[in-house]
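> Mind having a look at this structure? Questions to follow.
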Amino acid sequence: MKTLFLFLLLVNCTPLWSQEPAVPAKETILTVVEESAEFPGGHAALIKFLADSIHYPAKCTEGALDVKVFVRFVVTAKGAIVAPEIMRHAEDCPECDEEVLRIVRIMPYWIPAKVKGAPVHSYFILPVKFHSQ
């Protein structure tokens, strides 16, 4: 009986341990806000985070490559980053697309967008440039 109880307890609690932030319903995600979502520390901190975190794919270091990838994601009202999607791909470098998605997934919580002083869910589009040298 104890084993059955323990099994049922673990099965019911497992989803709680592995949950990621939920994606809000599309109708609650705003594209126009009074105050845009912001990376903690501002634009300079975002640039530093990207520079420190990006691992250039081998394709970027081998030849002349200069691409810009646009990624859109949702910043929830609590600041979580969810639902990243590539809006403009790097035509010659699918590895660059994957790297941008990886970076977005490891970002810390942002300061959420606001409307009338209240935090809201909002879209954010981030351009990421890859330069080979």
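All residue names refer to the structure tokens as shown: chains lettered A, B, ... in order, residues numbered from 1 in each chain, ligands numbered from 1 in order.
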I'd like the contact shell of stretch 67-69 of chain A - 12 Å cut-off, only C-alpha atoms, skipping same-chain residues fewer than 3 positions apart - returned as number ranges by chain.
A: 56, 59-60, 64, 72, 85-101, 125-132
> Now that the selection is made, can you save its residues with N, CA, C and O atoms as a compact mmCIF listing (two decimals), in the first residue's frame?

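Once written, result_5.txt looks like this:
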# COMPACT_ATOMS: atom_id res chain seq x y z
N TYR A 56 30.32 30.76 -32.04
CA TYR A 56 30.22 30.82 -33.50
C TYR A 56 30.29 29.43 -34.10
O TYR A 56 31.20 28.66 -33.78
N LYS A 59 31.12 27.05 -39.49
CA LYS A 59 30.91 27.67 -40.80
C LYS A 59 31.25 29.17 -40.77
O LYS A 59 31.71 29.73 -41.74
N CYS A 60 31.03 29.81 -39.63
CA CYS A 60 31.30 31.25 -39.50
C CYS A 60 32.79 31.54 -39.42
O CYS A 60 33.23 32.63 -39.75
N ALA A 64 34.16 33.70 -45.44
CA ALA A 64 33.53 35.01 -45.26
C ALA A 64 32.03 34.83 -45.11
O ALA A 64 31.35 34.39 -46.02
N ARG A 72 12.07 36.06 -32.80
CA ARG A 72 10.97 36.65 -32.05
C ARG A 72 10.66 35.72 -30.89
O ARG A 72 10.65 34.50 -31.04
N GLU A 85 11.09 31.88 -31.88
CA GLU A 85 10.98 31.39 -33.25
C GLU A 85 11.79 32.30 -34.17
O GLU A 85 11.84 33.51 -33.99
N ILE A 86 12.44 31.69 -35.14
CA ILE A 86 13.24 32.44 -36.10
C ILE A 86 12.31 33.09 -37.10
O ILE A 86 11.50 32.43 -37.74
N MET A 87 12.43 34.42 -37.24
CA MET A 87 11.59 35.16 -38.17
C MET A 87 12.31 35.36 -39.51
O MET A 87 11.67 35.39 -40.56
N ARG A 88 13.64 35.53 -39.47
CA ARG A 88 14.43 35.62 -40.70
C ARG A 88 15.65 34.74 -40.50
O ARG A 88 16.47 34.97 -39.62
N HIS A 89 15.76 33.73 -41.35
CA HIS A 89 16.82 32.73 -41.25
C HIS A 89 18.11 33.23 -41.87
O HIS A 89 18.12 34.11 -42.72
N ALA A 90 19.19 32.61 -41.45
CA ALA A 90 20.48 32.79 -42.11
C ALA A 90 20.50 31.79 -43.27
O ALA A 90 20.59 30.59 -43.03
N GLU A 91 20.40 32.28 -44.49
CA GLU A 91 20.23 31.39 -45.65
C GLU A 91 21.34 30.36 -45.78
O GLU A 91 21.08 29.21 -46.09
N ASP A 92 22.57 30.76 -45.56
CA ASP A 92 23.69 29.85 -45.77
C ASP A 92 24.21 29.22 -44.49
O ASP A 92 25.25 28.57 -44.50
N CYS A 93 23.49 29.43 -43.39
CA CYS A 93 24.02 28.95 -42.11
C CYS A 93 22.90 28.53 -41.16
O CYS A 93 22.55 29.29 -40.24
N PRO A 94 22.32 27.34 -41.34
CA PRO A 94 21.28 26.89 -40.41
C PRO A 94 21.82 26.73 -38.99
O PRO A 94 21.08 26.82 -38.02
N GLU A 95 23.14 26.53 -38.87
CA GLU A 95 23.75 26.43 -37.54
C GLU A 95 23.63 27.74 -36.78
O GLU A 95 23.52 27.75 -35.56
N CYS A 96 23.64 28.86 -37.51
CA CYS A 96 23.47 30.17 -36.89
C CYS A 96 22.07 30.29 -36.29
O CYS A 96 21.91 30.82 -35.18
N ASP A 97 21.06 29.80 -37.01
CA ASP A 97 19.69 29.81 -36.48
C ASP A 97 19.61 29.03 -35.18
O ASP A 97 19.02 29.49 -34.20
N GLU A 98 20.21 27.85 -35.17
CA GLU A 98 20.18 27.01 -33.97
C GLU A 98 20.91 27.67 -32.81
O GLU A 98 20.48 27.59 -31.66
N GLU A 99 22.00 28.35 -33.10
CA GLU A 99 22.76 29.04 -32.05
C GLU A 99 21.95 30.19 -31.45
O GLU A 99 21.93 30.39 -30.24
N VAL A 100 21.23 30.92 -32.29
CA VAL A 100 20.40 32.01 -31.78
C VAL A 100 19.30 31.46 -30.88
O VAL A 100 19.03 32.00 -29.80
N LEU A 101 18.67 30.37 -31.28
CA LEU A 101 17.63 29.76 -30.44
C LEU A 101 18.21 29.29 -29.11
O LEU A 101 17.60 29.44 -28.06
N ILE A 125 11.36 41.28 -30.84
CA ILE A 125 12.15 40.80 -31.97
C ILE A 125 13.58 41.26 -31.78
O ILE A 125 13.84 42.45 -31.58
N LEU A 126 14.49 40.30 -31.81
CA LEU A 126 15.90 40.57 -31.56
C LEU A 126 16.72 40.19 -32.79
O LEU A 126 16.70 39.04 -33.22
N PRO A 127 17.45 41.16 -33.38
CA PRO A 127 18.37 40.82 -34.48
C PRO A 127 19.71 40.40 -33.88
O PRO A 127 20.22 41.02 -32.96
N VAL A 128 20.27 39.32 -34.42
CA VAL A 128 21.59 38.84 -33.98
C VAL A 128 22.47 38.72 -35.21
O VAL A 128 22.12 38.03 -36.16
N LYS A 129 23.63 39.42 -35.18
CA LYS A 129 24.56 39.41 -36.31
C LYS A 129 25.68 38.42 -36.07
O LYS A 129 26.21 38.32 -34.97
N PHE A 130 26.05 37.72 -37.13
CA PHE A 130 27.23 36.84 -37.12
C PHE A 130 28.20 37.39 -38.15
O PHE A 130 27.84 37.59 -39.31
N HIS A 131 29.41 37.66 -37.72
CA HIS A 131 30.47 38.14 -38.61
C HIS A 131 31.62 37.15 -38.57
O HIS A 131 32.07 36.77 -37.49
N SER A 132 32.11 36.76 -39.72
CA SER A 132 33.34 35.96 -39.72
C SER A 132 34.48 36.90 -40.02
O SER A 132 34.35 37.88 -40.74
> Quick one: pick out all strand (DSSP E or B) residues within stretch 20-82 of chain A from a backbone DSSP run and write them as JSON, numbers by chain.
{"A": [29, 30, 35, 38, 66, 67, 68, 69, 70, 71, 72, 73, 74, 75, 81, 82]}
> Could you tell me which of A:Gly42, A:His55, A:Val104, A:Leu30 comes closest to A:Phe73 if we count only C-alpha atoms?
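When distances to A:Phe73 are compared using only C-alpha atoms, the smallest one comes from A:Val104.
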> Hey, can you check how far atom CA of A:Thr31 sits from atom CA of A:His121?
8.9 Å
> May I ask for the distance between atom CA of A:Glu38 and atom CA of A:Ala83, given in Å to one decimal place?
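Going from atom CA of A:Glu38 over to atom CA of A:Ala83, I get 16.9 Å.
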> Near A:Val75, within 12 Å and counting only C-alpha atoms, which residues show up once chain neighbours fewer than 2 positions away are dropped, as a ChimeraX atom specification?
/A:21-24,28-31,36-39,72-73,77-84,104-105,107-114,119-126
> For C-alpha atoms, I'd like the residues from the last selection saved as a PDB file, in the first residue's frame.

ATOM      1  CA  PRO A  21       7.008  28.809 -18.139  1.00  0.00           C
ATOM      2  CA  ALA A  22       3.694  28.499 -19.936  1.00  0.00           C
ATOM      3  CA  VAL A  23       3.161  30.216 -23.267  1.00  0.00           C
ATOM      4  CA  PRO A  24       0.361  32.773 -22.899  1.00  0.00           C
ATOM      5  CA  THR A  28      -3.053  38.190 -24.604  1.00  0.00           C
ATOM      6  CA  ILE A  29       0.372  38.826 -26.201  1.00  0.00           C
ATOM      7  CA  LEU A  30       0.734  42.478 -27.137  1.00  0.00           C
ATOM      8  CA  THR A  31       2.755  43.937 -29.995  1.00  0.00           C
ATOM      9  CA  SER A  36       8.921  47.786 -24.011  1.00  0.00           C
ATOM     10  CA  ALA A  37      10.356  44.709 -22.369  1.00  0.00           C
ATOM     11  CA  GLU A  38      13.988  45.150 -21.412  1.00  0.00           C
ATOM     12  CA  PHE A  39      16.948  42.911 -20.759  1.00  0.00           C
ATOM     13  CA  ARG A  72      10.971  36.647 -32.045  1.00  0.00           C
ATOM     14  CA  PHE A  73      10.016  35.532 -28.561  1.00  0.00           C
ATOM     15  CA  ALA A  77       4.302  39.400 -17.616  1.00  0.00           C
ATOM     16  CA  LYS A  78       6.661  37.721 -15.141  1.00  0.00           C
ATOM     17  CA  GLY A  79       9.685  38.260 -17.417  1.00  0.00           C
ATOM     18  CA  ALA A  80      10.161  34.682 -18.629  1.00  0.00           C
ATOM     19  CA  ILE A  81      11.308  34.165 -22.227  1.00  0.00           C
ATOM     20  CA  VAL A  82       9.067  31.667 -24.052  1.00  0.00           C
ATOM     21  CA  ALA A  83       8.150  30.558 -27.583  1.00  0.00           C
ATOM     22  CA  PRO A  84      11.276  31.641 -29.480  1.00  0.00           C
ATOM     23  CA  VAL A 104      17.449  32.864 -26.305  1.00  0.00           C
ATOM     24  CA  ARG A 105      16.649  29.750 -24.277  1.00  0.00           C
ATOM     25  CA  MET A 107      18.575  34.187 -21.309  1.00  0.00           C
ATOM     26  CA  PRO A 108      17.725  35.356 -17.799  1.00  0.00           C
ATOM     27  CA  TYR A 109      14.303  36.760 -16.978  1.00  0.00           C
ATOM     28  CA  TRP A 110      13.664  40.178 -18.536  1.00  0.00           C
ATOM     29  CA  ILE A 111      11.891  43.233 -17.178  1.00  0.00           C
ATOM     30  CA  PRO A 112       8.423  42.782 -18.726  1.00  0.00           C
ATOM     31  CA  ALA A 113       6.653  45.293 -20.944  1.00  0.00           C
ATOM     32  CA  LYS A 114       4.067  47.513 -19.294  1.00  0.00           C
ATOM     33  CA  PRO A 119       3.256  44.127 -16.637  1.00  0.00           C
ATOM     34  CA  VAL A 120       1.922  42.435 -19.774  1.00  0.00           C
ATOM     35  CA  HIS A 121       2.919  39.642 -22.149  1.00  0.00           C
ATOM     36  CA  SER A 122       4.635  41.057 -25.235  1.00  0.00           C
ATOM     37  CA  TYR A 123       6.516  40.036 -28.343  1.00  0.00           C
ATOM     38  CA  PHE A 124      10.137  41.061 -28.754  1.00  0.00           C
ATOM     39  CA  ILE A 125      12.147  40.795 -31.975  1.00  0.00           C
ATOM     40  CA  LEU A 126      15.902  40.571 -31.563  1.00  0.00           C
TER      41      LEU A 126
END
